[in-house]
Amino acid sequence: MHDIALGQYFPGDSVMHRLDPRVKLVSLIAYITVIFVVNSAASFLLLAAFTFALLLLSRIPLSVYARGMKPILFIIIFTTVINLLMTTGGRQLFSFGFIHIYEKGVINAVLVSVRLCFLMLSSGLFLTYTTSPLSLTDGLESLLSPLSKLRVPVHEFSMMMTIALRFIPTLVEETDKVMNAQKARGADFSSGGLISRAKALLPVMIPLFVSAFRRADELAVAMECRCYRGGEGRTRMKVLRCGRVDVVFLAAFALSAAAVVSVNVFFPLFAFKL
Amino acid sequence: MSAFIETRGLKFAYEDADGVRHTALDGISLSFERGEFTAILGHNGSGKSTFAKLLNMILIPDEGEIYVDGKLVSSHEEPDEDTVFEVRRRVGMVHQNPDNQIVASVVEEDVAFGPENLGIPPEEIRARVDGALDAVGMRKYALSSPSHLSGGQKQRVAVAGIIAMLPECIIFDESTSMLDPSGRREVMDTILKLNRERGITIIHITHEMEEAALADRVVVFSEGRVCLDGKPGEIFSRAEELRAVSLDVPQSTALLYELRGLGVRQLPETPDAGACARHIRDELLRLGALPLHGGDANG
């Protein structure tokens, strides 16, 4: 059996895990807004302190977060180099041959890097590590449900997500089976160039697609047999409820965000701007 | 006692890509009593699965009528949505492939799917889900992912998903055919338990004689018609007729029913070759037809 990490959900029972997914979604949006509003070093330090507290609260090893930063390392280096080389403005700090580095370039590079780091950390902290894909789907459906009045098919999208999540392991297993069956007939998936490998995968993809369609058909019949007729008149076993923890969290979060923003406004120490 | 489900002269034909019609059902009139456990046997293409699809209103008959609890629910006319909904709530169906009928990636969420569709309040859904999982013995897997379960366990989850809708009848459409022997036994045990303890009417479509032998009544389909209908004992002793419709009675089963027909008592409940053989050996020993020390002789 395959154990596939969907997203990178890290099962646990911490405060961050127990929060209502809607609260987490809204908090994340607010957090990202704050990251892009503030620009003083003092604010970022304060934000870092609050974020660190939340990281500890999630009871997920810090090394997991550190590993999560790896994929953006390249982007950080890339944008830093571009910013240093391309941005002009302010004093010239350094000049050698065709390389001219200006004050503004350095500030931009630092600001973008810091923001990217916070962005990555917070999305892991609020969503990917602490929220199971299923409750995330439920949270999204509930948050977006007002849109269904405007005929946006919110329930249908969330149903699609649920089914997709359910069938990922099944299809992975099936891919494995088909590949083994083709290998037994002498197919070679591991040698040759990119194009010949892609070609070798064709006899895997076709049966997989055919069976996926057959599955979809059978699943639709099974769902109809279980009285499914769309989102209308449907109830849920697990109703999302904002409990005490959620209210306390939201209040604390709002206060912290206000603190970070006001530090930025009233004590613009080392503000990264010109 | 009036029949819970009754069909009168059901006819159905499939149309293939060239517009040629193939008759699947050619006048099926059957009735199923409340609490009855019926097995429907038939070789591939005998129309037994089509019959199930008609009962659950996935297909609409070309001719004939279906009555549920005395009320006409399906004829050749397009049925109204509420009737379909009502029939599907009362007559649940478990399909063949355990993988393709589980909707959610958590067992209890999947069991809740049916009751959620019925619009039942959350607290009651919770109670029903727990009850249904208890009934199939899967409570401790409530929070597992279906992809980690065996075929038999998945099929039991699917059964729980139906039970949670509190149906009066459950149709098993070859639900054991994709399972290994132990999974098959798990599902059969569950079916028997539901029938005996909850009085749920069971229609079990299969081509396993051993499973059919556990039913109260066996109906044999051939070429879209009912060719035999009766108690398992009666049906299995007509081996010639069964062979004529490409069904083969396992020898142990045939022997068991022949012996029963001859008035031999205390035979094992289930047609198990070993148990049967032991019984015959004991009988022969008692009659002195076998030397006493030949304890390991084959009956």
# chains A, B, ... in the order shown; residues from 1 in each chain; ligands from 1

$ interface_residues --of "chain A" --to "chain B" --cutoff "9 Å" --atoms "only C-alpha atoms" --output "short mmCIF file (atom, residue, chain, number, x, y, z; two decimals) with all heavy atoms, in the first residue's frame"
data_model
loop_
_atom_site.label_atom_id
_atom_site.label_comp_id
_atom_site.auth_asym_id
_atom_site.auth_seq_id
_atom_site.Cartn_x
_atom_site.Cartn_y
_atom_site.Cartn_z
N MET A 1 0.83 -1.21 0.00
CA MET A 1 0.00 0.00 0.00
C MET A 1 0.86 1.26 0.00
O MET A 1 1.93 1.31 0.61
CB MET A 1 -0.88 0.02 1.26
CG MET A 1 -2.09 -0.89 1.15
SD MET A 1 -3.18 -0.36 -0.15
CE MET A 1 -4.27 -1.78 -0.19
N HIS A 2 0.38 2.24 -0.67
CA HIS A 2 1.15 3.48 -0.74
C HIS A 2 0.70 4.44 0.33
O HIS A 2 -0.46 4.56 0.62
CB HIS A 2 0.92 4.13 -2.11
CG HIS A 2 1.57 3.38 -3.20
ND1 HIS A 2 2.79 3.71 -3.68
CD2 HIS A 2 1.18 2.28 -3.86
CE1 HIS A 2 3.11 2.85 -4.63
NE2 HIS A 2 2.15 1.98 -4.76
N ASP A 3 1.66 5.12 0.87
CA ASP A 3 1.34 6.19 1.78
C ASP A 3 1.79 7.47 1.13
O ASP A 3 2.97 7.78 1.11
CB ASP A 3 2.07 5.98 3.10
CG ASP A 3 1.14 5.42 4.14
OD1 ASP A 3 0.01 5.92 4.20
OD2 ASP A 3 1.55 4.50 4.85
N LEU A 134 -9.09 17.25 3.60
CA LEU A 134 -10.54 17.13 3.67
C LEU A 134 -11.16 18.30 4.43
O LEU A 134 -12.14 18.88 3.98
CB LEU A 134 -10.88 15.81 4.36
CG LEU A 134 -12.16 15.16 3.89
CD1 LEU A 134 -12.09 14.84 2.41
CD2 LEU A 134 -12.42 13.90 4.69
N THR A 162 -13.10 16.37 -3.05
CA THR A 162 -13.20 15.22 -2.15
C THR A 162 -12.95 13.92 -2.92
O THR A 162 -12.19 13.06 -2.49
CB THR A 162 -14.60 15.17 -1.51
OG1 THR A 162 -14.88 16.45 -0.99
CG2 THR A 162 -14.68 14.13 -0.43
N ILE A 163 -13.60 13.79 -4.08
CA ILE A 163 -13.47 12.57 -4.86
C ILE A 163 -12.04 12.42 -5.39
O ILE A 163 -11.46 11.34 -5.36
CB ILE A 163 -14.50 12.55 -6.02
CG1 ILE A 163 -15.90 12.42 -5.44
CG2 ILE A 163 -14.23 11.40 -6.97
CD1 ILE A 163 -17.00 12.57 -6.45
N LEU A 165 -9.31 13.55 -4.06
CA LEU A 165 -8.45 13.13 -2.94
C LEU A 165 -8.63 11.65 -2.64
O LEU A 165 -7.68 10.93 -2.37
CB LEU A 165 -8.80 13.93 -1.68
CG LEU A 165 -8.37 15.39 -1.68
CD1 LEU A 165 -8.96 16.11 -0.48
CD2 LEU A 165 -6.86 15.48 -1.66
N ARG A 166 -9.88 11.20 -2.70
CA ARG A 166 -10.20 9.82 -2.40
C ARG A 166 -9.53 8.87 -3.41
O ARG A 166 -9.08 7.80 -3.06
CB ARG A 166 -11.72 9.65 -2.39
CG ARG A 166 -12.28 8.32 -2.80
CD ARG A 166 -12.15 7.28 -1.72
NE ARG A 166 -12.59 5.98 -2.20
CZ ARG A 166 -11.83 5.11 -2.82
NH1 ARG A 166 -10.57 5.38 -3.03
NH2 ARG A 166 -12.31 3.97 -3.23
N PHE A 167 -9.47 9.30 -4.69
CA PHE A 167 -9.02 8.36 -5.72
C PHE A 167 -7.53 8.45 -6.03
O PHE A 167 -7.04 7.63 -6.81
CB PHE A 167 -9.86 8.51 -6.99
CG PHE A 167 -11.12 7.71 -6.90
CD1 PHE A 167 -12.28 8.27 -6.41
CD2 PHE A 167 -11.13 6.36 -7.23
CE1 PHE A 167 -13.43 7.52 -6.27
CE2 PHE A 167 -12.27 5.60 -7.10
CZ PHE A 167 -13.43 6.19 -6.62
N PRO A 169 -4.86 7.66 -4.14
CA PRO A 169 -4.17 6.40 -3.82
C PRO A 169 -4.59 5.24 -4.74
O PRO A 169 -3.76 4.43 -5.14
CB PRO A 169 -4.57 6.10 -2.38
CG PRO A 169 -5.27 7.28 -1.88
CD PRO A 169 -5.64 8.16 -3.01
N THR A 170 -5.88 5.18 -5.06
CA THR A 170 -6.39 4.11 -5.92
C THR A 170 -5.72 4.15 -7.28
O THR A 170 -5.29 3.12 -7.81
CB THR A 170 -7.91 4.26 -6.10
OG1 THR A 170 -8.50 4.41 -4.81
CG2 THR A 170 -8.51 3.06 -6.78
N ARG A 215 -14.34 3.85 -13.91
CA ARG A 215 -14.54 4.09 -12.48
C ARG A 215 -15.50 5.24 -12.24
O ARG A 215 -16.40 5.17 -11.40
CB ARG A 215 -13.22 4.46 -11.82
CG ARG A 215 -12.35 3.29 -11.48
CD ARG A 215 -11.08 3.80 -10.81
NE ARG A 215 -10.06 2.80 -10.78
CZ ARG A 215 -10.05 1.77 -9.95
NH1 ARG A 215 -11.02 1.63 -9.06
NH2 ARG A 215 -9.09 0.88 -9.99
N ALA A 216 -15.29 6.33 -13.00
CA ALA A 216 -16.13 7.52 -12.82
C ALA A 216 -17.59 7.16 -13.06
O ALA A 216 -18.48 7.57 -12.32
CB ALA A 216 -15.69 8.62 -13.78
N ASP A 217 -17.82 6.35 -14.09
CA ASP A 217 -19.17 5.95 -14.42
C ASP A 217 -19.80 5.14 -13.29
O ASP A 217 -20.90 5.41 -12.84
CB ASP A 217 -19.11 5.12 -15.71
CG ASP A 217 -20.48 4.96 -16.33
OD1 ASP A 217 -21.21 5.96 -16.33
OD2 ASP A 217 -20.80 3.86 -16.79
N GLU A 218 -19.04 4.14 -12.80
CA GLU A 218 -19.56 3.30 -11.72
C GLU A 218 -19.79 4.12 -10.45
O GLU A 218 -20.77 3.93 -9.74
CB GLU A 218 -18.59 2.16 -11.42
CG GLU A 218 -18.69 1.03 -12.42
CD GLU A 218 -17.79 -0.13 -12.07
OE1 GLU A 218 -17.38 -0.25 -10.89
OE2 GLU A 218 -17.47 -0.92 -12.96
N LEU A 219 -18.85 5.03 -10.18
CA LEU A 219 -18.98 5.85 -8.97
C LEU A 219 -20.24 6.71 -9.06
O LEU A 219 -20.97 6.86 -8.08
CB LEU A 219 -17.74 6.73 -8.80
CG LEU A 219 -17.72 7.55 -7.52
CD1 LEU A 219 -17.52 6.66 -6.31
CD2 LEU A 219 -16.65 8.61 -7.57
N ALA A 220 -20.50 7.26 -10.25
CA ALA A 220 -21.68 8.11 -10.42
C ALA A 220 -22.94 7.31 -10.13
O ALA A 220 -23.84 7.79 -9.43
CB ALA A 220 -21.72 8.68 -11.82
N VAL A 221 -22.99 6.07 -10.63
CA VAL A 221 -24.17 5.23 -10.37
C VAL A 221 -24.29 4.96 -8.87
O VAL A 221 -25.37 5.08 -8.28
CB VAL A 221 -24.08 3.90 -11.17
CG1 VAL A 221 -25.15 2.94 -10.70
CG2 VAL A 221 -24.21 4.17 -12.66
N ALA A 222 -23.14 4.62 -8.25
CA ALA A 222 -23.17 4.32 -6.81
C ALA A 222 -23.64 5.54 -6.01
O ALA A 222 -24.40 5.40 -5.05
CB ALA A 222 -21.80 3.87 -6.34
N MET A 223 -23.20 6.73 -6.43
CA MET A 223 -23.60 7.94 -5.71
C MET A 223 -25.09 8.19 -5.87
O MET A 223 -25.77 8.57 -4.91
CB MET A 223 -22.80 9.15 -6.21
CG MET A 223 -21.38 9.17 -5.68
SD MET A 223 -20.35 10.39 -6.51
CE MET A 223 -21.05 11.90 -5.86
N GLU A 224 -25.60 7.95 -7.07
CA GLU A 224 -27.03 8.13 -7.29
C GLU A 224 -27.83 7.14 -6.46
O GLU A 224 -28.86 7.48 -5.90
CB GLU A 224 -27.37 7.95 -8.77
CG GLU A 224 -26.99 9.16 -9.59
CD GLU A 224 -27.72 9.19 -10.91
OE1 GLU A 224 -28.16 8.11 -11.36
OE2 GLU A 224 -27.84 10.27 -11.49
N CYS A 225 -27.32 5.90 -6.37
CA CYS A 225 -27.99 4.90 -5.56
C CYS A 225 -28.05 5.30 -4.10
O CYS A 225 -28.88 4.82 -3.35
CB CYS A 225 -27.27 3.56 -5.66
SG CYS A 225 -27.68 2.68 -7.14
N ARG A 226 -27.09 6.13 -3.70
CA ARG A 226 -27.08 6.56 -2.30
C ARG A 226 -27.78 7.92 -2.18
O ARG A 226 -27.48 8.69 -1.29
CB ARG A 226 -25.66 6.60 -1.78
CG ARG A 226 -25.07 5.18 -1.68
CD ARG A 226 -23.59 5.20 -1.44
NE ARG A 226 -23.29 5.53 -0.06
CZ ARG A 226 -22.06 5.63 0.41
NH1 ARG A 226 -21.04 5.45 -0.39
NH2 ARG A 226 -21.85 5.92 1.66
N CYS A 227 -28.71 8.14 -3.08
CA CYS A 227 -29.60 9.31 -3.00
C CYS A 227 -28.90 10.64 -3.19
O CYS A 227 -29.39 11.67 -2.72
CB CYS A 227 -30.37 9.32 -1.68
SG CYS A 227 -31.56 8.00 -1.56
N TYR A 228 -27.76 10.66 -3.85
CA TYR A 228 -27.09 11.93 -4.08
C TYR A 228 -27.83 12.70 -5.16
O TYR A 228 -28.11 12.15 -6.23
CB TYR A 228 -25.64 11.70 -4.51
CG TYR A 228 -24.88 12.98 -4.76
CD1 TYR A 228 -24.55 13.82 -3.70
CD2 TYR A 228 -24.51 13.37 -6.03
CE1 TYR A 228 -23.87 15.00 -3.91
CE2 TYR A 228 -23.83 14.55 -6.25
CZ TYR A 228 -23.52 15.37 -5.18
OH TYR A 228 -22.84 16.53 -5.39
N ARG A 229 -28.17 13.94 -4.88
CA ARG A 229 -28.76 14.76 -5.94
C ARG A 229 -28.31 16.20 -5.80
O ARG A 229 -29.10 17.13 -5.74
CB ARG A 229 -30.27 14.65 -5.97
CG ARG A 229 -30.96 14.80 -4.63
CD ARG A 229 -32.46 14.73 -4.84
NE ARG A 229 -33.15 14.94 -3.58
CZ ARG A 229 -34.47 14.88 -3.47
NH1 ARG A 229 -35.21 14.61 -4.50
NH2 ARG A 229 -35.04 15.08 -2.31
N GLY A 230 -27.00 16.38 -5.67
CA GLY A 230 -26.44 17.72 -5.60
C GLY A 230 -26.46 18.28 -4.19
O GLY A 230 -26.87 17.60 -3.24
N GLY A 231 -26.01 19.51 -4.06
CA GLY A 231 -25.84 20.09 -2.74
C GLY A 231 -27.13 20.51 -2.05
O GLY A 231 -27.16 20.70 -0.85
N GLU A 232 -28.21 20.62 -2.83
CA GLU A 232 -29.44 21.13 -2.26
C GLU A 232 -30.07 20.14 -1.29
O GLU A 232 -30.17 18.95 -1.60
CB GLU A 232 -30.43 21.45 -3.38
CG GLU A 232 -31.16 22.75 -3.15
CD GLU A 232 -31.90 23.16 -4.40
OE1 GLU A 232 -31.24 23.37 -5.43
OE2 GLU A 232 -33.12 23.22 -4.34
N GLY A 233 -30.47 20.60 -0.13
CA GLY A 233 -31.13 19.74 0.84
C GLY A 233 -30.20 18.77 1.54
O GLY A 233 -30.63 17.87 2.24
N ARG A 234 -28.89 18.96 1.32
CA ARG A 234 -27.92 18.05 1.92
C ARG A 234 -27.48 18.60 3.26
O ARG A 234 -27.29 19.80 3.42
CB ARG A 234 -26.71 17.98 0.99
CG ARG A 234 -26.03 16.65 0.95
CD ARG A 234 -24.96 16.69 -0.13
NE ARG A 234 -23.64 16.49 0.45
CZ ARG A 234 -23.18 15.32 0.81
NH1 ARG A 234 -23.89 14.24 0.61
NH2 ARG A 234 -22.00 15.19 1.35
N THR A 235 -27.33 17.71 4.24
CA THR A 235 -26.79 18.14 5.53
C THR A 235 -25.40 17.55 5.67
O THR A 235 -24.98 16.74 4.85
CB THR A 235 -27.66 17.64 6.70
OG1 THR A 235 -27.90 16.26 6.51
CG2 THR A 235 -28.95 18.40 6.77
N ARG A 236 -24.67 17.92 6.70
CA ARG A 236 -23.35 17.35 6.92
C ARG A 236 -23.29 16.73 8.31
O ARG A 236 -23.92 17.21 9.23
CB ARG A 236 -22.26 18.43 6.81
CG ARG A 236 -22.18 19.11 5.46
CD ARG A 236 -21.98 18.14 4.32
NE ARG A 236 -20.85 17.26 4.51
CZ ARG A 236 -19.63 17.53 4.06
NH1 ARG A 236 -19.38 18.63 3.41
NH2 ARG A 236 -18.64 16.67 4.26
N MET A 237 -22.51 15.65 8.42
CA MET A 237 -22.34 15.03 9.73
C MET A 237 -21.51 15.94 10.62
O MET A 237 -21.84 16.20 11.76
CB MET A 237 -21.66 13.68 9.60
CG MET A 237 -21.32 13.06 10.95
SD MET A 237 -20.77 11.35 10.84
CE MET A 237 -19.18 11.53 10.10
N LYS A 238 -20.40 16.43 10.04
CA LYS A 238 -19.53 17.29 10.82
C LYS A 238 -19.80 18.73 10.44
O LYS A 238 -19.49 19.16 9.35
CB LYS A 238 -18.07 16.95 10.55
CG LYS A 238 -17.67 15.66 11.21
CD LYS A 238 -16.20 15.37 11.07
CE LYS A 238 -15.89 14.03 11.68
NZ LYS A 238 -14.86 13.31 10.92
N VAL A 239 -20.43 19.45 11.36
CA VAL A 239 -20.71 20.85 11.10
C VAL A 239 -19.55 21.65 11.65
O VAL A 239 -19.11 21.44 12.78
CB VAL A 239 -22.02 21.27 11.78
CG1 VAL A 239 -22.36 22.70 11.42
CG2 VAL A 239 -23.14 20.34 11.37
#

$ select_by_dssp --residues "segment 2-233 of chain B" --states "alpha helix (DSSP H)" --output "MDAnalysis selection string"
chainID B and resid 48:55 81:90 107:117 122:135 151:163 181:198 209:212 232:233

$ select_by_dssp --residues "segment 27-96 of chain B" --states "strand (DSSP E or B)" --output "PyMOL selection string"
chain B and resi 27-32+37-41+63-68+71-74+91-94
